[in-house]
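data_33.txt follows; it contains compact mmCIF, C-alpha atoms.
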```txt
# COMPACT_ATOMS: atom_id res chain seq x y z
CA MET A 1 -4.97 0.99 -26.36
CA ARG A 2 -1.35 0.03 -25.74
CA ARG A 3 -0.34 3.67 -25.50
CA ALA A 4 -3.10 4.29 -22.96
CA ILE A 5 -2.03 1.28 -20.90
CA PHE A 6 1.63 2.30 -21.08
CA THR A 7 0.71 5.82 -19.96
CA SER A 8 -1.29 4.34 -17.06
CA CYS A 9 1.76 2.31 -16.09
CA ILE A 10 3.96 5.42 -15.98
CA ILE A 11 1.34 7.25 -13.91
CA ILE A 12 1.09 4.39 -11.40
CA ILE A 13 4.87 4.23 -11.03
CA PHE A 14 5.02 8.02 -10.57
CA LEU A 15 2.24 7.93 -7.95
CA CYS A 16 3.95 5.08 -6.17
CA ILE A 17 7.26 6.93 -5.91
CA THR A 18 5.47 10.18 -5.04
CA GLY A 19 3.56 8.40 -2.28
CA VAL A 20 6.78 7.00 -0.86
CA ALA A 21 8.38 10.44 -0.97
CA TYR A 22 5.32 11.98 0.70
CA CYS A 23 5.30 9.45 3.52
CA SER A 24 9.06 9.78 3.89
CA SER A 25 8.98 13.58 4.04
CA GLN A 26 8.48 14.31 7.73
CA ARG A 27 7.38 17.66 9.02
CA VAL A 28 7.53 19.19 12.47
CA ARG A 29 4.33 20.94 13.49
CA ILE A 30 4.71 23.90 15.87
CA GLU A 31 1.82 25.70 17.55
CA PHE A 32 2.51 29.19 18.91
CA LEU A 33 -0.20 30.37 21.31
CA TYR A 34 0.78 34.03 21.26
CA HIS A 35 -0.54 37.05 23.16
CA ASP A 36 0.64 40.46 21.97
CA LYS A 37 -1.90 42.82 23.54
CA PHE A 38 0.10 44.03 26.51
CA CYS A 39 0.07 47.33 28.35
CA GLN A 40 3.39 48.86 27.27
CA TYR A 41 3.37 51.26 30.22
CA CYS A 42 2.77 48.58 32.89
CA PRO A 43 6.14 47.54 34.39
CA GLU A 44 4.79 44.15 35.49
CA MET A 45 3.96 43.25 31.86
CA ILE A 46 7.32 44.14 30.30
CA GLU A 47 8.81 40.66 30.78
CA GLU A 48 5.77 38.98 29.14
CA TYR A 49 6.08 41.33 26.16
CA VAL A 50 9.81 40.69 25.83
CA ALA A 51 9.10 36.92 25.91
CA TYR A 52 6.49 37.31 23.15
CA VAL A 53 8.85 39.27 20.87
CA HIS A 54 11.70 36.83 21.52
CA ASN A 55 9.62 33.71 20.83
CA ARG A 56 8.09 35.26 17.70
CA ASP A 57 11.53 36.11 16.30
CA VAL A 58 12.88 32.64 17.12
CA LEU A 59 10.03 31.00 15.21
CA ALA A 60 10.54 33.36 12.26
CA ASN A 61 14.22 32.34 12.12
CA ILE A 62 13.34 28.64 12.32
CA GLN A 63 10.69 28.93 9.63
CA ARG A 64 13.19 30.67 7.36
CA ASP A 65 15.96 28.11 7.95
CA TYR A 66 13.91 24.89 7.89
CA GLY A 67 11.46 25.88 5.16
CA GLU A 68 8.77 23.26 4.44
CA LYS A 69 10.18 20.84 7.01
CA VAL A 70 8.61 22.94 9.77
CA VAL A 71 5.01 24.18 9.85
CA VAL A 72 4.31 26.99 12.32
CA GLU A 73 0.72 27.72 13.29
CA TYR A 74 0.10 31.08 14.97
CA ILE A 75 -2.96 31.06 17.26
CA PHE A 76 -4.06 34.00 19.37
CA PHE A 77 -4.12 32.80 22.97
CA PHE A 78 -7.55 34.17 23.92
CA SER A 79 -9.29 33.27 20.65
CA GLU A 80 -11.82 30.44 20.62
CA GLU A 81 -9.29 28.11 19.02
CA GLY A 82 -6.57 29.28 21.38
CA LEU A 83 -8.65 28.50 24.48
CA LYS A 84 -9.40 25.05 23.04
CA ARG A 85 -5.65 24.39 22.82
CA VAL A 86 -5.18 25.71 26.36
CA LYS A 87 -7.68 23.13 27.60
CA GLN A 88 -6.25 20.42 25.36
CA TYR A 89 -2.70 20.84 26.65
CA GLY A 90 -3.63 21.56 30.27
CA LEU A 91 -2.26 25.12 30.30
CA SER A 92 -3.16 27.93 32.65
CA LEU A 93 -4.53 31.30 31.52
CA ARG A 94 -1.12 32.85 32.19
CA ASP A 95 0.80 30.48 29.85
CA TRP A 96 0.59 32.72 26.82
CA ASN A 97 3.36 32.75 24.20
CA VAL A 98 3.87 29.04 24.73
CA ILE A 99 5.36 26.88 21.95
CA ILE A 100 4.12 23.30 21.42
CA VAL A 101 6.09 20.92 19.19
CA ASN A 102 4.17 18.05 17.56
CA GLY A 103 1.42 18.29 20.17
CA LYS A 104 3.66 16.89 22.90
CA ILE A 105 6.64 19.08 23.79
CA ILE A 106 5.75 22.35 25.51
CA LEU A 107 8.30 25.17 25.73
CA GLY A 108 8.14 28.67 27.17
CA GLY A 109 4.97 30.31 28.40
CA GLY A 110 4.34 33.44 30.42
CA LYS A 111 7.64 35.21 31.03
CA LYS A 112 9.80 32.34 29.75
CA CYS A 113 11.87 32.96 26.64
CA VAL A 114 12.41 29.90 24.46
CA ASN A 115 16.00 28.74 24.06
CA GLU A 116 16.50 28.77 20.29
CA THR A 117 19.37 26.25 20.38
CA MET A 118 17.29 23.80 22.40
CA LEU A 119 14.29 24.24 20.09
CA ARG A 120 16.45 23.53 17.04
CA GLU A 121 17.82 20.38 18.68
CA ILE A 122 14.28 19.20 19.37
CA ILE A 123 13.25 19.87 15.77
CA ASP A 124 16.28 17.98 14.45
CA SER A 125 15.55 14.99 16.67
CA GLN A 126 11.90 15.03 15.61
CA LEU A 127 12.87 15.17 11.95
CA ALA A 128 15.19 12.18 12.44
CA GLY A 129 12.36 9.97 13.62
CA LEU A 130 9.20 12.00 13.59
CA ASP A 131 5.76 10.84 14.59
CA GLN A 132 6.15 7.10 14.28
CA GLU A 133 2.50 6.53 15.18
CA GLU A 134 1.32 8.67 12.28
CA LEU A 135 3.73 7.02 9.88
CA GLY A 136 2.62 3.66 11.24
CA ARG A 137 -0.97 4.49 10.33
CA TYR A 138 0.10 5.41 6.80
CA ALA A 139 2.13 2.20 6.60
CA GLY A 140 -0.82 0.15 7.88
CA LEU A 141 -3.14 1.61 5.25
CA GLY A 142 -0.48 1.02 2.63
CA ILE A 143 -0.18 -2.64 3.63
CA ILE A 144 -3.94 -3.13 3.56
CA ALA A 145 -4.40 -1.51 0.16
CA SER A 146 -1.27 -2.91 -1.48
CA ALA A 147 -1.58 -6.51 -0.30
CA PHE A 148 -5.29 -6.57 -1.16
CA VAL A 149 -4.71 -5.14 -4.66
CA LEU A 150 -1.86 -7.55 -5.39
CA GLY A 151 -4.03 -10.46 -4.23
CA PHE A 152 -7.03 -9.31 -6.26
CA PHE A 153 -5.10 -9.03 -9.51
CA GLU A 154 -3.43 -12.39 -8.92
CA SER A 155 -6.75 -14.18 -9.47
CA PHE A 156 -8.72 -11.56 -11.41
CA SER A 157 -7.44 -12.40 -14.87
CA PRO A 158 -8.97 -13.62 -18.14
CA CYS A 159 -7.00 -16.86 -17.81
CA VAL A 160 -8.57 -17.75 -14.45
CA LEU A 161 -12.08 -16.76 -15.54
CA ILE A 162 -11.78 -18.79 -18.74
CA MET A 163 -10.60 -21.84 -16.78
CA LEU A 164 -13.53 -21.48 -14.37
CA SER A 165 -16.00 -21.23 -17.23
CA PHE A 166 -14.51 -24.40 -18.79
CA ILE A 167 -14.81 -26.24 -15.45
CA VAL A 168 -18.45 -25.23 -14.99
CA GLY A 169 -19.23 -25.93 -18.65
CA TYR A 170 -17.78 -29.45 -18.67
CA ALA A 171 -19.23 -30.25 -15.25
CA SER A 172 -22.73 -29.25 -16.43
CA SER A 173 -22.37 -31.23 -19.66
CA GLU A 174 -21.42 -34.37 -17.74
CA ARG A 175 -24.57 -34.28 -15.60
CA SER A 176 -28.06 -33.49 -16.72
CA GLY A 177 -29.11 -32.54 -13.19
CA PHE A 178 -26.31 -30.04 -12.72
CA GLN A 179 -27.24 -27.32 -10.20
CA MET A 180 -25.91 -23.85 -9.59
CA ARG A 181 -24.90 -24.84 -6.06
CA GLU A 182 -22.62 -27.54 -7.45
CA GLY A 183 -21.06 -25.04 -9.82
CA PHE A 184 -20.50 -22.66 -6.91
CA LEU A 185 -18.79 -25.42 -4.88
CA LYS A 186 -16.51 -26.35 -7.76
CA VAL A 187 -15.48 -22.73 -8.27
CA MET A 188 -14.79 -22.39 -4.53
CA ILE A 189 -12.71 -25.58 -4.43
CA PHE A 190 -10.67 -24.42 -7.40
CA GLY A 191 -10.19 -21.03 -5.72
CA ILE A 192 -9.16 -22.57 -2.39
CA SER A 193 -6.54 -24.81 -4.02
CA PHE A 194 -5.34 -21.90 -6.19
CA ILE A 195 -4.85 -19.64 -3.17
CA LEU A 196 -3.45 -22.45 -1.01
CA SER A 197 -0.72 -22.84 -3.62
CA SER A 198 0.08 -19.14 -3.30
CA VAL A 199 0.27 -19.44 0.50
CA ILE A 200 2.70 -22.37 0.25
CA LEU A 201 4.85 -20.50 -2.24
CA SER A 202 4.76 -17.41 0.00
CA TYR A 203 6.09 -19.30 3.02
CA ILE A 204 8.81 -20.94 0.95
CA PHE A 205 9.85 -17.60 -0.52
CA ASN A 206 9.70 -15.89 2.89
CA MET A 207 11.89 -18.64 4.38
CA PHE A 208 14.61 -17.87 1.83
CA LEU A 209 14.16 -14.12 2.34
CA SER A 210 14.91 -14.59 6.04
CA MET A 211 18.43 -15.64 5.06
CA ALA A 212 20.44 -12.43 4.94
CA THR A 213 22.82 -13.73 2.27
CA LEU A 214 19.98 -14.57 -0.14
CA LYS A 215 17.54 -11.76 0.59
CA LEU A 216 19.17 -9.14 -1.62
CA TYR A 217 19.64 -11.45 -4.61
CA LEU A 218 16.17 -13.01 -4.37
CA THR A 219 14.56 -9.59 -4.12
CA LEU A 220 16.49 -8.33 -7.15
CA VAL A 221 15.57 -11.42 -9.18
CA THR A 222 11.91 -11.09 -8.18
CA CYS A 223 11.81 -7.43 -9.14
CA LEU A 224 13.48 -8.05 -12.49
CA LEU A 225 11.09 -10.92 -13.26
CA ALA A 226 8.14 -8.75 -12.24
CA ILE A 227 9.27 -5.99 -14.61
CA ILE A 228 9.79 -8.49 -17.46
CA PHE A 229 6.36 -10.06 -16.97
CA GLY A 230 4.85 -6.62 -16.49
CA LEU A 231 6.22 -5.52 -19.85
CA ASN A 232 4.82 -8.71 -21.35
CA LEU A 233 1.38 -7.96 -19.92
CA LEU A 234 1.59 -4.45 -21.32
CA GLY A 235 2.32 -5.89 -24.75
CA LEU A 236 5.77 -4.29 -24.91
CA LEU A 237 7.56 -7.63 -24.67
CA ARG A 238 6.46 -10.98 -26.08
CA LEU A 239 6.77 -14.17 -24.01
CA PRO A 240 5.39 -17.58 -25.04
CA GLU A 241 1.94 -18.27 -23.59
CA ARG A 242 -0.27 -21.32 -23.28
CA SER A 243 -3.33 -21.38 -25.50
CA LYS A 244 -6.98 -21.67 -24.54
CA SER A 245 -7.02 -25.17 -25.98
CA LEU A 246 -4.57 -26.35 -23.30
CA MET A 247 -6.81 -24.92 -20.57
CA ARG A 248 -9.85 -26.50 -22.19
CA LYS A 249 -8.21 -29.96 -22.23
CA ALA A 250 -7.15 -29.63 -18.59
CA ALA A 251 -10.64 -28.55 -17.53
CA LYS A 252 -12.27 -31.42 -19.44
CA LYS A 253 -9.95 -33.93 -17.77
CA TYR A 254 -10.27 -32.64 -14.19
CA ALA A 255 -13.75 -31.07 -13.98
CA ILE A 256 -15.57 -34.32 -13.07
CA SER A 257 -14.74 -34.69 -9.35
CA TYR A 258 -14.01 -32.27 -6.51
CA ALA A 259 -10.65 -33.92 -5.79
CA LYS A 260 -9.52 -33.48 -9.38
CA ILE A 261 -10.67 -29.86 -9.40
CA PHE A 262 -8.62 -29.25 -6.26
CA LEU A 263 -5.58 -30.78 -7.98
CA LEU A 264 -6.29 -28.69 -11.09
CA GLY A 265 -6.21 -25.50 -9.00
CA VAL A 266 -2.76 -26.40 -7.68
CA ILE A 267 -1.42 -27.28 -11.13
CA PHE A 268 -2.98 -24.27 -12.82
CA TYR A 269 -1.50 -21.88 -10.25
CA TYR A 270 2.06 -22.81 -11.16
CA LEU A 271 1.30 -22.96 -14.88
CA ASP A 272 -0.90 -19.87 -14.98
CA PRO A 273 -0.02 -17.85 -18.08
CA CYS A 274 -1.09 -14.70 -16.21
CA VAL A 275 2.01 -14.97 -13.94
CA ALA A 276 0.18 -15.41 -10.66
CA PRO A 277 3.29 -16.66 -8.76
CA VAL A 278 5.07 -13.38 -9.53
CA PHE A 279 2.39 -11.46 -7.63
CA VAL A 280 2.75 -13.50 -4.46
CA SER A 281 6.56 -13.40 -4.63
CA LEU A 282 6.42 -9.64 -5.03
CA THR A 283 4.05 -9.35 -2.06
CA THR A 284 6.42 -11.38 0.11
CA ALA A 285 9.33 -9.17 -0.91
CA VAL A 286 7.42 -5.94 -0.21
CA PHE A 287 5.95 -6.98 3.15
CA SER A 288 8.59 -9.33 4.57
CA GLU A 289 8.42 -7.53 7.94
CA THR A 290 4.63 -7.86 8.23
CA PHE A 291 4.41 -11.15 6.38
CA ASN A 292 1.47 -12.93 8.07
CA PHE A 293 -0.79 -9.86 8.13
CA ALA A 294 0.00 -8.95 4.52
CA LEU A 295 -0.48 -12.56 3.38
CA LEU A 296 -3.91 -12.69 5.01
CA LEU A 297 -4.97 -9.51 3.18
CA PHE A 298 -3.45 -10.86 -0.02
CA CYS A 299 -5.53 -14.06 0.27
CA ILE A 300 -8.71 -12.08 0.96
CA GLY A 301 -8.12 -9.98 -2.14
CA ALA A 302 -7.32 -13.08 -4.21
CA PHE A 303 -10.47 -14.90 -3.10
CA ILE A 304 -12.86 -12.05 -3.99
CA PRO A 305 -12.91 -12.86 -7.76
CA PHE A 306 -13.66 -16.53 -6.99
CA ILE A 307 -16.58 -15.58 -4.78
CA GLY A 308 -17.92 -13.29 -7.50
CA ALA A 309 -17.49 -16.02 -10.13
CA GLY A 310 -19.22 -18.56 -7.88
CA LEU A 311 -22.19 -16.31 -7.22
CA LEU A 312 -22.52 -15.58 -10.94
CA VAL A 313 -21.81 -19.12 -12.05
CA GLY A 314 -24.84 -19.13 -14.34
CA SER A 315 -23.39 -16.23 -16.33
CA LEU A 316 -19.76 -17.24 -15.96
CA SER A 317 -19.31 -18.15 -19.63
CA LYS A 318 -20.59 -14.75 -20.71
CA ILE A 319 -18.44 -12.97 -18.10
CA SER A 320 -15.31 -14.82 -19.21
CA ARG A 321 -15.98 -13.88 -22.85
CA GLU A 322 -16.37 -10.22 -21.86
CA ALA A 323 -13.19 -10.42 -19.81
CA TYR A 324 -11.38 -11.97 -22.75
CA LYS A 325 -12.53 -9.12 -24.98
CA HIS A 326 -10.98 -6.66 -22.53
CA ARG A 327 -7.98 -8.85 -21.76
CA ASN A 328 -5.52 -6.21 -22.95
CA LEU A 329 -6.87 -3.69 -20.46
CA ILE A 330 -6.91 -6.18 -17.56
CA ARG A 331 -3.45 -7.45 -18.45
CA GLY A 332 -2.24 -3.87 -18.80
CA ILE A 333 -3.44 -2.95 -15.32
CA SER A 334 -1.79 -6.07 -13.89
CA GLY A 335 1.42 -5.24 -15.71
CA ALA A 336 1.38 -1.66 -14.46
CA ILE A 337 0.93 -2.89 -10.88
CA LEU A 338 3.80 -5.37 -11.23
CA ILE A 339 6.15 -2.76 -12.67
CA GLY A 340 5.05 -0.14 -10.14
CA TYR A 341 5.74 -2.31 -7.08
CA ALA A 342 8.94 -3.74 -8.53
CA SER A 343 10.18 -0.18 -9.16
CA TYR A 344 9.21 0.76 -5.59
CA ILE A 345 11.31 -2.10 -4.16
CA LEU A 346 14.26 -1.40 -6.46
CA PHE A 347 14.15 2.27 -5.51
CA HIS A 348 14.47 1.37 -1.82
CA LEU A 349 17.19 -1.19 -2.49
CA ILE A 350 19.28 1.26 -4.49
CA THR A 351 18.74 3.96 -1.85
CA ALA A 352 19.84 1.58 0.92
CA LEU A 353 22.92 0.44 -0.99
CA MET A 354 23.94 4.03 -1.67
```

Turn the structure described in the file into structure tokens.
Amino acid sequence: MRRAIFTSCIIIIFLCITGVAYCSSQRVRIEFLYHDKFCQYCPEMIEEYVAYVHNRDVLANIQRDYGEKVVVEYIFFFSEEGLKRVKQYGLSLRDWNVIIVNGKIILGGGKKCVNETMLREIIDSQLAGLDQEELGRYAGLGIIASAFVLGFFESFSPCVLIMLSFIVGYASSERSGFQMREGFLKVMIFGISFILSSVILSYIFNMFLSMATLKLYLTLVTCLLAIIFGLNLLGLLRLPERSKSLMRKAAKKYAISYAKIFLLGVIFYYLDPCVAPVFVSLTTAVFSETFNFALLLFCIGAFIPFIGAGLLVGSLSKISREAYKHRNLIRGISGAILIGYASYILFHLITALM
């Protein structure tokens, strides 16, 4: 099991770095709407033919020199697809052999020969900061997925589920008329206080990250702690943990009233043996530039397990036992995520420093 989890960790880290490399590798897309069916004996068509040959050779040279950084698409001007592009870019039926860079920059057409030096300068400038809207969409999806996943695994842990089952169990034993709705409310209150604690910690951490002198050191410390705790979750490093008996005593003491349950959620968050604070600190470090949006998604992801536990409050004890049986797998996934994101941040820090 540990080997499988460790392998999963390596795969996640590899995919993370590969994803960063993929998003960072920018390509210039060139469309060449060519027309090569000219009358070679018609003097009025000689210039159009010369322009076609010139533009074709220029693109061949660029493709050879730039390799995978440039993608050239050859489209016959009067084909169905070619006429669609003519309409799309507002061209006339005499603008054959036109070159379009990234769907925006139009060069040549008709008798015009493309200036190879100018085209190379355009490609270089596009490669320097290519297609920010497209990269922004990738970044937006990355924020949504990453912040949500980090939030989800902050609260989806055997420790949290066991604590919830203790709360519901002691609350039901104290009252003979205990109802499922009351159990749901107590789970929600615990979840709200738990997540509120993470929000407070996030703002405190983000405040320190805004200080340029501390940002680098805090980020490094967070990443190193995340890797250490990740190795602990994977079972490759042993750190002292609190026992179930401690959680049971805390639940028995605080499960009576809603106010005490709220306080228990705050206390448990900072004493959570499943390293919940590391997740929120890591999220703040990753998404410091989109902090409020990422924090909102993080909180949504973190609240999902509490909603599920509240809706299934009648079976919560059974669910927590099943989760405890598979605790190594759940902990392993959490550890892999921690190590993966910490490695991602360290990779960017090292790259920036170099």

Calculate how many Å separate CA of Ser193 in chain A from CA of Tyr270 in chain A, rounding to one decimal. 11.4 Å

For Leu264 in chain A, the nearest of the candidates A:Ile46, A:Leu164, A:Ile333, A:Leu312, counting all atoms listed in the file: A:Leu164

Tell me, as a PyMOL selection string, which residues lie within 7 Å of Ala147 in chain A, counting only C-alpha atoms; anything in the same chain fewer than 5 positions away does not count. chain A and resi 283+294+297-298

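Closest approach to Gly103 in chain A among A:Phe166, A:Phe32, A:Phe148, A:Tyr52: A:Phe32, based on only C-alpha atoms.
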
From the set A:Leu231, A:Ile189, A:Ala302, A:Leu349, which residue has the shortest atom-to-atom contact distance to Ile167 in chain A, counting only C-alpha atoms? A:Ile189

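Going from CA of Leu209 in chain A to CA of Phe194 in chain A covers 22.7 Å.
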